[in-house]
Amino acid sequence: MTRIPIDPDAIRALAAVLNETGLTEIEIAEKDSRIRVVRAATPAAVAPAVAAPIAPMPTVAAVADLASHPGAVLSPMVGVAYLSPEPGASPFVSVGQHVTAGQTLLLIEAMKTFNQIRAPKDGTVARILVANSTPVEYGEVLLILE
């Protein structure tokens, strides 16, 4: 049996990324080796009030219903969601606002890169389901367009 060499510096670096981003798990793979670092999720601190109204936490059944909604905008990646372009700035969108296809709805920071999440179609923002500066998972419903 071949033993995979352990790189403590790589593990420490990945653990630091987990702490910086608030993620609970990260994995890298190269050829025949993989390193996966997982930490227990800690309760998130209560975020201060934000300008955009945020819906109460939906139940598991409600989340499944929201994900199948034709206007659901899903997270294409794991990262941290930001509702405005910089701290203290107005949010990109608010509930009740009309948006056009391609308009920036929010940002997701992943691996120190800010990715614009754009509206897939024209519509009105019905619900914003994420809070500013909170971690999001792949496939998580970010907001609903009507």
# chains A, B, ... in the order shown; residues from 1 in each chain; ligands from 1
call {"tool": "closest_atom_pairs", "arguments": {"of": "range 53-136 of chain A", "to": "range 6-24 of chain A", "cutoff": "12 Å", "atoms": "only C-alpha atoms", "output": "Markdown table"}}
result
| residue | atom | partner | partner_atom | distance |
| --- | --- | --- | --- | --- |
| A:Met77 | CA | A:Leu23 | CA | 11.8 |
| A:Val78 | CA | A:Leu23 | CA | 8.1 |
| A:Gly79 | CA | A:Thr21 | CA | 7.1 |
| A:Val80 | CA | A:Thr21 | CA | 6.7 |
| A:Ala81 | CA | A:Thr21 | CA | 10.4 |
| A:Ile108 | CA | A:Thr21 | CA | 11.0 |
| A:Glu109 | CA | A:Thr21 | CA | 8.6 |
| A:Ala110 | CA | A:Thr21 | CA | 8.2 |
| A:Met111 | CA | A:Val17 | CA | 8.3 |
| A:Lys112 | CA | A:Thr21 | CA | 9.1 |
| A:Thr113 | CA | A:Thr21 | CA | 11.7 |
| A:Ser133 | CA | A:Thr21 | CA | 9.6 |
| A:Thr134 | CA | A:Gly22 | CA | 8.0 |
| A:Pro135 | CA | A:Gly22 | CA | 6.3 |
| A:Val136 | CA | A:Leu23 | CA | 8.5 |
call {"tool": "residues_around", "arguments": {"residues": "range 92-98 of chain A", "least_positions_apart": "4", "cutoff": "8 Å", "atoms": "only C-alpha atoms", "output": "PDB file with C-alpha atoms, in the first residue's frame"}}
result
ATOM      1  CA  ALA A  52     -32.262  44.932   2.141  1.00  0.00           C
ATOM      2  CA  PRO A  53     -35.117  43.078   3.862  1.00  0.00           C
ATOM      3  CA  LEU A  83     -25.196  42.344  -1.242  1.00  0.00           C
ATOM      4  CA  SER A  84     -23.342  45.597  -2.012  1.00  0.00           C
ATOM      5  CA  PRO A  85     -20.168  46.453  -3.937  1.00  0.00           C
ATOM      6  CA  THR A 104     -25.610  42.308 -11.085  1.00  0.00           C
ATOM      7  CA  LEU A 105     -27.672  41.028  -8.140  1.00  0.00           C
ATOM      8  CA  LEU A 106     -24.871  40.355  -5.639  1.00  0.00           C
ATOM      9  CA  ASP A 122     -35.948  40.253 -16.357  1.00  0.00           C
ATOM     10  CA  GLY A 123     -38.137  40.370 -13.287  1.00  0.00           C
ATOM     11  CA  THR A 124     -38.868  41.843  -9.888  1.00  0.00           C
ATOM     12  CA  VAL A 125     -36.919  40.867  -6.776  1.00  0.00           C
ATOM     13  CA  ALA A 126     -39.503  39.068  -4.628  1.00  0.00           C
ATOM     14  CA  ARG A 127     -37.236  37.758  -1.847  1.00  0.00           C
ATOM     15  CA  ILE A 128     -33.603  38.027  -0.823  1.00  0.00           C
TER      16      ILE A 128
END
call {"tool": "atom_distance", "arguments": {"atom1": "CA of Asn132 in chain A", "atom2": "CA of Glu146 in chain A"}}
result
21.5 Å
call {"tool": "atom_distance", "arguments": {"atom1": "CA of Ile117 in chain A", "atom2": "CA of Arg36 in chain A"}}
result
27.3 Å
call {"tool": "atom_distance", "arguments": {"atom1": "CA of Gln103 in chain A", "atom2": "CA of Leu129 in chain A"}}
result
17.9 Å
call {"tool": "residues_around", "arguments": {"residues": "Ser75 in chain A", "least_positions_apart": "6", "cutoff": "7 Å", "atoms": "only C-alpha atoms", "output": "NGL selection string"}}
result
:A and (137-142)
call {"tool": "closest_residue", "arguments": {"among": "A:Leu107, A:Ala29, A:Ala131, A:Thr100", "to": "Pro76 in chain A", "atoms": "only C-alpha atoms"}}
result
A:Leu107
call {"tool": "closest_residue", "arguments": {"among": "A:Val37, A:Tyr82, A:Ile26, A:His69", "to": "Phe114 in chain A", "atoms": "only C-alpha atoms"}}
result
A:Tyr82
